[in-house]
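Just below is one structure, and these are the notes that go with it.
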Amino acid sequence: MVFKKKQLAKILSGLERFKNPKVEFEQYITPGDVAAELLWNAFLNGDIAEKTVGDLGTGTGVLAIGASLLGAKTVYALDCDVDALKVAEYNAANLQVDNVVFVKGDVSFFGYKVDTVVMNPPFGCQNRYADRPFLEKACEKADVVYSIHLSRDDVKGFVRGFAEKLGFRVEVFETVPFEIPQQFHFHEKRLERVLVDLCRFEKKVF
Ligand code: SAH
């Protein structure tokens with residue numbers, strides 16, 4: 001168990017990264033401090049400890065492993081890319097995290113009902129609408145969802161509208177910088193800095 005946000009950020013920053021990030025899957029690792037910020041808020045809201053958690057598009061496992069370190073009961077972590085999952089499994093084993101179940105598959109096949117979903121889905125920059133099946137699946141499988149989206153008015157409007165249609169209320173609880181290292185040929189800067197919204201979705205009770 002981890003008891004401090006800073007400690008969590010440090011552990012998550014030290015995880016093994018994508019070996020050959022794949023552009024078509026938008027494989028950007030969530031920086032340790034951003035992952036810790038999201039998870040810590042979820043933890044303080046009572047959405048992690050003793051809960052069953054899902055991580056859609058787990059990549060190298062940052063959010064799944066972080067949730068486990070904050071006391072989640074079981075974490076189901078899915079990704080479509082076997083190379084990413086190998087890194088995620090290595091990261092979990094390295095930290096003696098043994099309650100994360102890694103699943104290979106497309107997000108639409110995620111079959112577990114969970115208390116909370118935490119995810120950093122593709123932003124939909126390479127494939128427009130790539131974030132949609134993630135939002136749909138998260139809202140189908142959990143009543144509470146934490147998700148990371150580009151902080152832009154059009155994205156905000158889209159996410160809010162999409163979630164409302166699925167019966168969820170959306171709150172942007174923080175906007176933070178997110179650093180993307182130069183890893184694809186179209187990246188011109190060594191380090192790209194974007195702003196992202198950390199969002200909490202909650203199912204409306206009628
Ligand atoms: N959640 C991780 C990785 C974010 S990158 C982190 O926070 O660091 C987005 C991840 O979604 C990648 O690992 C990519 O392989 C995965 N992904 C993209 N499209 C997918 C799909 N259709 N089904 C399942 N996983 C997908």
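Ligands are numbered from 1 in the order shown, residues from 1 within each chain, and chains are lettered A, B, ... in the order they appear in the structure tokens.
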Practice task
Could you pull out the residues sitting within 6 Å of ligand 1, using only C-alpha atoms and all ligand atoms, and write them as a ChimeraX atom specification?
Solution key: /A:25-30,57-60,62-63,79-81,105-107,119-122
Exercise for the section: List the neighbours of A:Ala88 out to 12 Å using only C-alpha atoms; skip same-chain residues closer than 5 positions along the sequence, and give me the result as a ChimeraX atom specification. Expected result: /A:12,15-19,29,55,57-66,77-79,81-83,93-95,97-98,100-104
Backbone DSSP call of strand (DSSP E) for stretch 17-193 of chain A, listed as a PDB file with N, CA and C atoms, in the first residue's frame:
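Below is the file out-v2.pdb, written as the result:
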```pdb
ATOM      1  N   THR A  52     -13.577  -2.872  -6.941  1.00  0.00           N
ATOM      2  CA  THR A  52     -13.164  -3.549  -8.166  1.00  0.00           C
ATOM      3  C   THR A  52     -13.013  -2.467  -9.225  1.00  0.00           C
ATOM      4  N   VAL A  53     -11.842  -2.457  -9.848  1.00  0.00           N
ATOM      5  CA  VAL A  53     -11.510  -1.340 -10.740  1.00  0.00           C
ATOM      6  C   VAL A  53     -11.190  -1.876 -12.137  1.00  0.00           C
ATOM      7  N   GLY A  54     -11.583  -1.138 -13.160  1.00  0.00           N
ATOM      8  CA  GLY A  54     -11.226  -1.482 -14.537  1.00  0.00           C
ATOM      9  C   GLY A  54     -10.312  -0.414 -15.109  1.00  0.00           C
ATOM     10  N   ASP A  55      -9.357  -0.828 -15.937  1.00  0.00           N
ATOM     11  CA  ASP A  55      -8.485   0.131 -16.638  1.00  0.00           C
ATOM     12  C   ASP A  55      -8.537  -0.231 -18.122  1.00  0.00           C
ATOM     13  N   LEU A  56      -9.143   0.622 -18.918  1.00  0.00           N
ATOM     14  CA  LEU A  56      -9.328   0.340 -20.343  1.00  0.00           C
ATOM     15  C   LEU A  56      -8.206   0.997 -21.144  1.00  0.00           C
ATOM     16  N   THR A  74      -9.515  -5.749  -6.688  1.00  0.00           N
ATOM     17  CA  THR A  74      -9.043  -6.397  -7.912  1.00  0.00           C
ATOM     18  C   THR A  74      -9.078  -5.357  -9.020  1.00  0.00           C
ATOM     19  N   VAL A  75      -8.118  -5.424  -9.929  1.00  0.00           N
ATOM     20  CA  VAL A  75      -8.116  -4.513 -11.077  1.00  0.00           C
ATOM     21  C   VAL A  75      -8.113  -5.353 -12.349  1.00  0.00           C
ATOM     22  N   TYR A  76      -9.033  -5.067 -13.256  1.00  0.00           N
ATOM     23  CA  TYR A  76      -9.048  -5.706 -14.570  1.00  0.00           C
ATOM     24  C   TYR A  76      -8.510  -4.696 -15.562  1.00  0.00           C
ATOM     25  N   ALA A  77      -7.389  -5.036 -16.197  1.00  0.00           N
ATOM     26  CA  ALA A  77      -6.703  -4.070 -17.051  1.00  0.00           C
ATOM     27  C   ALA A  77      -6.607  -4.628 -18.459  1.00  0.00           C
ATOM     28  N   LEU A  78      -7.197  -3.933 -19.413  1.00  0.00           N
ATOM     29  CA  LEU A  78      -7.261  -4.443 -20.785  1.00  0.00           C
ATOM     30  C   LEU A  78      -6.460  -3.587 -21.750  1.00  0.00           C
ATOM     31  N   ASP A  79      -5.837  -4.233 -22.705  1.00  0.00           N
ATOM     32  CA  ASP A  79      -5.221  -3.514 -23.822  1.00  0.00           C
ATOM     33  C   ASP A  79      -5.247  -4.441 -25.040  1.00  0.00           C
ATOM     34  N   VAL A 100      -3.800  -7.497 -10.175  1.00  0.00           N
ATOM     35  CA  VAL A 100      -4.206  -6.917 -11.456  1.00  0.00           C
ATOM     36  C   VAL A 100      -4.310  -8.051 -12.469  1.00  0.00           C
ATOM     37  N   VAL A 101      -5.485  -8.183 -13.059  1.00  0.00           N
ATOM     38  CA  VAL A 101      -5.704  -9.210 -14.074  1.00  0.00           C
ATOM     39  C   VAL A 101      -5.574  -8.533 -15.434  1.00  0.00           C
ATOM     40  N   PHE A 102      -4.551  -8.911 -16.195  1.00  0.00           N
ATOM     41  CA  PHE A 102      -4.349  -8.290 -17.505  1.00  0.00           C
ATOM     42  C   PHE A 102      -5.080  -9.087 -18.581  1.00  0.00           C
ATOM     43  N   VAL A 103      -5.768  -8.386 -19.437  1.00  0.00           N
ATOM     44  CA  VAL A 103      -6.591  -9.021 -20.460  1.00  0.00           C
ATOM     45  C   VAL A 103      -6.232  -8.425 -21.815  1.00  0.00           C
ATOM     46  N   LYS A 104      -6.037  -9.283 -22.801  1.00  0.00           N
ATOM     47  CA  LYS A 104      -5.757  -8.776 -24.149  1.00  0.00           C
ATOM     48  C   LYS A 104      -7.049  -8.760 -24.952  1.00  0.00           C
ATOM     49  N   THR A 116     -15.462   0.963 -10.432  1.00  0.00           N
ATOM     50  CA  THR A 116     -14.857   2.203 -10.930  1.00  0.00           C
ATOM     51  C   THR A 116     -13.995   1.895 -12.154  1.00  0.00           C
ATOM     52  N   VAL A 117     -14.065   2.742 -13.163  1.00  0.00           N
ATOM     53  CA  VAL A 117     -13.101   2.653 -14.273  1.00  0.00           C
ATOM     54  C   VAL A 117     -12.139   3.829 -14.158  1.00  0.00           C
ATOM     55  N   VAL A 118     -10.843   3.563 -14.323  1.00  0.00           N
ATOM     56  CA  VAL A 118      -9.860   4.645 -14.470  1.00  0.00           C
ATOM     57  C   VAL A 118      -9.221   4.438 -15.840  1.00  0.00           C
ATOM     58  N   MET A 119      -9.101   5.490 -16.613  1.00  0.00           N
ATOM     59  CA  MET A 119      -8.513   5.263 -17.940  1.00  0.00           C
ATOM     60  C   MET A 119      -7.928   6.527 -18.546  1.00  0.00           C
ATOM     61  N   VAL A 144     -19.017   4.839 -11.908  1.00  0.00           N
ATOM     62  CA  VAL A 144     -18.085   5.947 -11.695  1.00  0.00           C
ATOM     63  C   VAL A 144     -16.881   5.745 -12.615  1.00  0.00           C
ATOM     64  N   VAL A 145     -16.519   6.801 -13.336  1.00  0.00           N
ATOM     65  CA  VAL A 145     -15.432   6.703 -14.311  1.00  0.00           C
ATOM     66  C   VAL A 145     -14.497   7.902 -14.152  1.00  0.00           C
ATOM     67  N   TYR A 146     -13.205   7.621 -14.112  1.00  0.00           N
ATOM     68  CA  TYR A 146     -12.198   8.692 -14.134  1.00  0.00           C
ATOM     69  C   TYR A 146     -11.464   8.587 -15.460  1.00  0.00           C
ATOM     70  N   SER A 147     -11.357   9.714 -16.158  1.00  0.00           N
ATOM     71  CA  SER A 147     -10.812   9.643 -17.503  1.00  0.00           C
ATOM     72  C   SER A 147     -10.043  10.917 -17.828  1.00  0.00           C
ATOM     73  N   ILE A 148      -9.095  10.791 -18.753  1.00  0.00           N
ATOM     74  CA  ILE A 148      -8.234  11.925 -19.112  1.00  0.00           C
ATOM     75  C   ILE A 148      -8.533  12.334 -20.549  1.00  0.00           C
ATOM     76  N   HIS A 149      -8.773  13.625 -20.753  1.00  0.00           N
ATOM     77  CA  HIS A 149      -9.085  14.112 -22.108  1.00  0.00           C
ATOM     78  C   HIS A 149      -8.348  15.411 -22.379  1.00  0.00           C
ATOM     79  N   LEU A 150      -8.080  15.671 -23.653  1.00  0.00           N
ATOM     80  CA  LEU A 150      -7.436  16.936 -24.003  1.00  0.00           C
ATOM     81  C   LEU A 150      -8.288  18.084 -23.490  1.00  0.00           C
ATOM     82  N   PHE A 168     -24.805   9.998 -17.640  1.00  0.00           N
ATOM     83  CA  PHE A 168     -23.757  10.353 -16.674  1.00  0.00           C
ATOM     84  C   PHE A 168     -23.600  11.867 -16.550  1.00  0.00           C
ATOM     85  N   ARG A 169     -23.201  12.287 -15.386  1.00  0.00           N
ATOM     86  CA  ARG A 169     -22.850  13.684 -15.131  1.00  0.00           C
ATOM     87  C   ARG A 169     -21.323  13.764 -15.138  1.00  0.00           C
ATOM     88  N   VAL A 170     -20.772  14.811 -15.759  1.00  0.00           N
ATOM     89  CA  VAL A 170     -19.314  14.920 -15.872  1.00  0.00           C
ATOM     90  C   VAL A 170     -18.804  16.130 -15.102  1.00  0.00           C
ATOM     91  N   GLU A 171     -17.743  15.910 -14.351  1.00  0.00           N
ATOM     92  CA  GLU A 171     -17.092  17.030 -13.659  1.00  0.00           C
ATOM     93  C   GLU A 171     -15.610  17.029 -14.050  1.00  0.00           C
ATOM     94  N   VAL A 172     -15.120  18.180 -14.518  1.00  0.00           N
ATOM     95  CA  VAL A 172     -13.671  18.319 -14.725  1.00  0.00           C
ATOM     96  C   VAL A 172     -13.118  18.778 -13.386  1.00  0.00           C
ATOM     97  N   PHE A 173     -12.396  17.913 -12.683  1.00  0.00           N
ATOM     98  CA  PHE A 173     -11.962  18.313 -11.335  1.00  0.00           C
ATOM     99  C   PHE A 173     -10.584  18.932 -11.320  1.00  0.00           C
ATOM    100  N   GLU A 174      -9.843  18.805 -12.413  1.00  0.00           N
ATOM    101  CA  GLU A 174      -8.536  19.443 -12.481  1.00  0.00           C
ATOM    102  C   GLU A 174      -8.063  19.511 -13.920  1.00  0.00           C
ATOM    103  N   THR A 175      -7.295  20.541 -14.232  1.00  0.00           N
ATOM    104  CA  THR A 175      -6.658  20.636 -15.545  1.00  0.00           C
ATOM    105  C   THR A 175      -5.161  20.715 -15.295  1.00  0.00           C
ATOM    106  N   VAL A 176      -4.419  19.802 -15.899  1.00  0.00           N
ATOM    107  CA  VAL A 176      -2.983  19.714 -15.596  1.00  0.00           C
ATOM    108  C   VAL A 176      -2.161  19.575 -16.879  1.00  0.00           C
ATOM    109  N   PRO A 177      -0.891  19.989 -16.828  1.00  0.00           N
ATOM    110  CA  PRO A 177      -0.023  19.765 -17.985  1.00  0.00           C
ATOM    111  C   PRO A 177       0.335  18.284 -18.120  1.00  0.00           C
ATOM    112  N   PHE A 178       0.491  17.863 -19.359  1.00  0.00           N
ATOM    113  CA  PHE A 178       0.764  16.459 -19.671  1.00  0.00           C
ATOM    114  C   PHE A 178       1.898  16.477 -20.680  1.00  0.00           C
ATOM    115  N   GLU A 179       3.006  15.871 -20.326  1.00  0.00           N
ATOM    116  CA  GLU A 179       4.173  15.927 -21.218  1.00  0.00           C
ATOM    117  C   GLU A 179       4.266  14.679 -22.078  1.00  0.00           C
ATOM    118  N   ILE A 180       4.383  14.910 -23.359  1.00  0.00           N
ATOM    119  CA  ILE A 180       4.523  13.794 -24.304  1.00  0.00           C
ATOM    120  C   ILE A 180       5.932  13.854 -24.884  1.00  0.00           C
ATOM    121  N   PRO A 181       6.749  12.847 -24.611  1.00  0.00           N
ATOM    122  CA  PRO A 181       8.107  12.874 -25.170  1.00  0.00           C
ATOM    123  C   PRO A 181       8.055  12.679 -26.684  1.00  0.00           C
ATOM    124  N   LEU A 191       9.918  17.692 -26.444  1.00  0.00           N
ATOM    125  CA  LEU A 191       8.902  17.409 -25.430  1.00  0.00           C
ATOM    126  C   LEU A 191       7.673  18.253 -25.753  1.00  0.00           C
ATOM    127  N   GLU A 192       6.581  17.613 -25.998  1.00  0.00           N
ATOM    128  CA  GLU A 192       5.343  18.336 -26.294  1.00  0.00           C
ATOM    129  C   GLU A 192       4.579  18.454 -24.987  1.00  0.00           C
ATOM    130  N   ARG A 193       4.083  19.669 -24.720  1.00  0.00           N
ATOM    131  CA  ARG A 193       3.347  19.838 -23.481  1.00  0.00           C
ATOM    132  C   ARG A 193       1.911  20.205 -23.828  1.00  0.00           C
TER     133      ARG A 193
END
```
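Distances from A:Asn91, A:Asn45, A:Lys203, A:Phe123 to A:Ser13 were compared using only C-alpha atoms, and the smallest one belongs to A:Asn91.
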Practice task
With a distance cut-off of 12 Å and only C-alpha atoms, select the neighbouring residues of A:Ala49, excluding the residue or stretch itself and same-chain residues fewer than 3 positions from it, and output the selection as a ChimeraX atom specification.
Solution key: /A:1-3,39-46,52-53,66-75,115-116
Write to file, as a PDB file, in the first residue's frame, the residues of the selection just made, with N, CA and C atoms.
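Writing the result to out.pdb gives the following:
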```pdb
ATOM      1  N   MET A   1       0.836  -1.212   0.000  1.00  0.00           N
ATOM      2  CA  MET A   1       0.000   0.000   0.000  1.00  0.00           C
ATOM      3  C   MET A   1       0.875   1.268   0.000  1.00  0.00           C
ATOM      4  N   VAL A   2       0.339   2.293  -0.624  1.00  0.00           N
ATOM      5  CA  VAL A   2       1.025   3.582  -0.676  1.00  0.00           C
ATOM      6  C   VAL A   2       0.129   4.592   0.036  1.00  0.00           C
ATOM      7  N   PHE A   3       0.710   5.491   0.822  1.00  0.00           N
ATOM      8  CA  PHE A   3      -0.115   6.393   1.608  1.00  0.00           C
ATOM      9  C   PHE A   3       0.079   7.865   1.294  1.00  0.00           C
ATOM     10  N   LEU A  39      -5.547   9.313  -9.644  1.00  0.00           N
ATOM     11  CA  LEU A  39      -5.838   8.200  -8.731  1.00  0.00           C
ATOM     12  C   LEU A  39      -6.050   8.683  -7.299  1.00  0.00           C
ATOM     13  N   TRP A  40      -5.295   9.685  -6.915  1.00  0.00           N
ATOM     14  CA  TRP A  40      -5.408  10.180  -5.540  1.00  0.00           C
ATOM     15  C   TRP A  40      -6.789  10.792  -5.313  1.00  0.00           C
ATOM     16  N   ASN A  41      -7.264  11.535  -6.300  1.00  0.00           N
ATOM     17  CA  ASN A  41      -8.619  12.101  -6.201  1.00  0.00           C
ATOM     18  C   ASN A  41      -9.660  10.991  -6.115  1.00  0.00           C
ATOM     19  N   ALA A  42      -9.475   9.973  -6.947  1.00  0.00           N
ATOM     20  CA  ALA A  42     -10.415   8.848  -6.941  1.00  0.00           C
ATOM     21  C   ALA A  42     -10.389   8.158  -5.576  1.00  0.00           C
ATOM     22  N   PHE A  43      -9.201   8.022  -5.045  1.00  0.00           N
ATOM     23  CA  PHE A  43      -9.024   7.393  -3.732  1.00  0.00           C
ATOM     24  C   PHE A  43      -9.731   8.205  -2.643  1.00  0.00           C
ATOM     25  N   LEU A  44      -9.520   9.528  -2.670  1.00  0.00           N
ATOM     26  CA  LEU A  44     -10.144  10.388  -1.645  1.00  0.00           C
ATOM     27  C   LEU A  44     -11.667  10.373  -1.746  1.00  0.00           C
ATOM     28  N   ASN A  45     -12.178  10.146  -2.956  1.00  0.00           N
ATOM     29  CA  ASN A  45     -13.630  10.060  -3.135  1.00  0.00           C
ATOM     30  C   ASN A  45     -14.188   8.693  -2.745  1.00  0.00           C
ATOM     31  N   GLY A  46     -13.322   7.801  -2.297  1.00  0.00           N
ATOM     32  CA  GLY A  46     -13.780   6.476  -1.885  1.00  0.00           C
ATOM     33  C   GLY A  46     -14.039   5.537  -3.051  1.00  0.00           C
ATOM     34  N   THR A  52     -13.577  -2.872  -6.941  1.00  0.00           N
ATOM     35  CA  THR A  52     -13.164  -3.549  -8.166  1.00  0.00           C
ATOM     36  C   THR A  52     -13.013  -2.467  -9.225  1.00  0.00           C
ATOM     37  N   VAL A  53     -11.842  -2.457  -9.848  1.00  0.00           N
ATOM     38  CA  VAL A  53     -11.510  -1.340 -10.740  1.00  0.00           C
ATOM     39  C   VAL A  53     -11.190  -1.876 -12.137  1.00  0.00           C
ATOM     40  N   GLY A  66      -1.261   1.628 -10.113  1.00  0.00           N
ATOM     41  CA  GLY A  66      -1.490   2.691  -9.118  1.00  0.00           C
ATOM     42  C   GLY A  66      -2.741   2.408  -8.296  1.00  0.00           C
ATOM     43  N   ALA A  67      -3.798   1.961  -8.966  1.00  0.00           N
ATOM     44  CA  ALA A  67      -5.047   1.667  -8.246  1.00  0.00           C
ATOM     45  C   ALA A  67      -4.815   0.528  -7.252  1.00  0.00           C
ATOM     46  N   SER A  68      -4.052  -0.456  -7.682  1.00  0.00           N
ATOM     47  CA  SER A  68      -3.758  -1.568  -6.780  1.00  0.00           C
ATOM     48  C   SER A  68      -2.968  -1.082  -5.560  1.00  0.00           C
ATOM     49  N   LEU A  69      -1.996  -0.209  -5.814  1.00  0.00           N
ATOM     50  CA  LEU A  69      -1.172   0.294  -4.697  1.00  0.00           C
ATOM     51  C   LEU A  69      -1.995   1.122  -3.712  1.00  0.00           C
ATOM     52  N   LEU A  70      -3.131   1.650  -4.177  1.00  0.00           N
ATOM     53  CA  LEU A  70      -4.003   2.432  -3.288  1.00  0.00           C
ATOM     54  C   LEU A  70      -5.104   1.567  -2.660  1.00  0.00           C
ATOM     55  N   GLY A  71      -4.960   0.264  -2.810  1.00  0.00           N
ATOM     56  CA  GLY A  71      -5.847  -0.626  -2.051  1.00  0.00           C
ATOM     57  C   GLY A  71      -7.035  -1.189  -2.798  1.00  0.00           C
ATOM     58  N   ALA A  72      -7.028  -1.103  -4.137  1.00  0.00           N
ATOM     59  CA  ALA A  72      -8.135  -1.719  -4.884  1.00  0.00           C
ATOM     60  C   ALA A  72      -8.173  -3.207  -4.597  1.00  0.00           C
ATOM     61  N   LYS A  73      -9.399  -3.770  -4.631  1.00  0.00           N
ATOM     62  CA  LYS A  73      -9.541  -5.199  -4.342  1.00  0.00           C
ATOM     63  C   LYS A  73      -8.977  -6.004  -5.518  1.00  0.00           C
ATOM     64  N   THR A  74      -9.515  -5.749  -6.688  1.00  0.00           N
ATOM     65  CA  THR A  74      -9.043  -6.397  -7.912  1.00  0.00           C
ATOM     66  C   THR A  74      -9.078  -5.357  -9.020  1.00  0.00           C
ATOM     67  N   VAL A  75      -8.118  -5.424  -9.929  1.00  0.00           N
ATOM     68  CA  VAL A  75      -8.116  -4.513 -11.077  1.00  0.00           C
ATOM     69  C   VAL A  75      -8.113  -5.353 -12.349  1.00  0.00           C
ATOM     70  N   ASP A 115     -16.664  -1.505 -10.073  1.00  0.00           N
ATOM     71  CA  ASP A 115     -17.180  -0.334  -9.335  1.00  0.00           C
ATOM     72  C   ASP A 115     -16.721   0.948 -10.004  1.00  0.00           C
ATOM     73  N   THR A 116     -15.462   0.963 -10.432  1.00  0.00           N
ATOM     74  CA  THR A 116     -14.857   2.203 -10.930  1.00  0.00           C
ATOM     75  C   THR A 116     -13.995   1.895 -12.154  1.00  0.00           C
TER      76      THR A 116
END
```
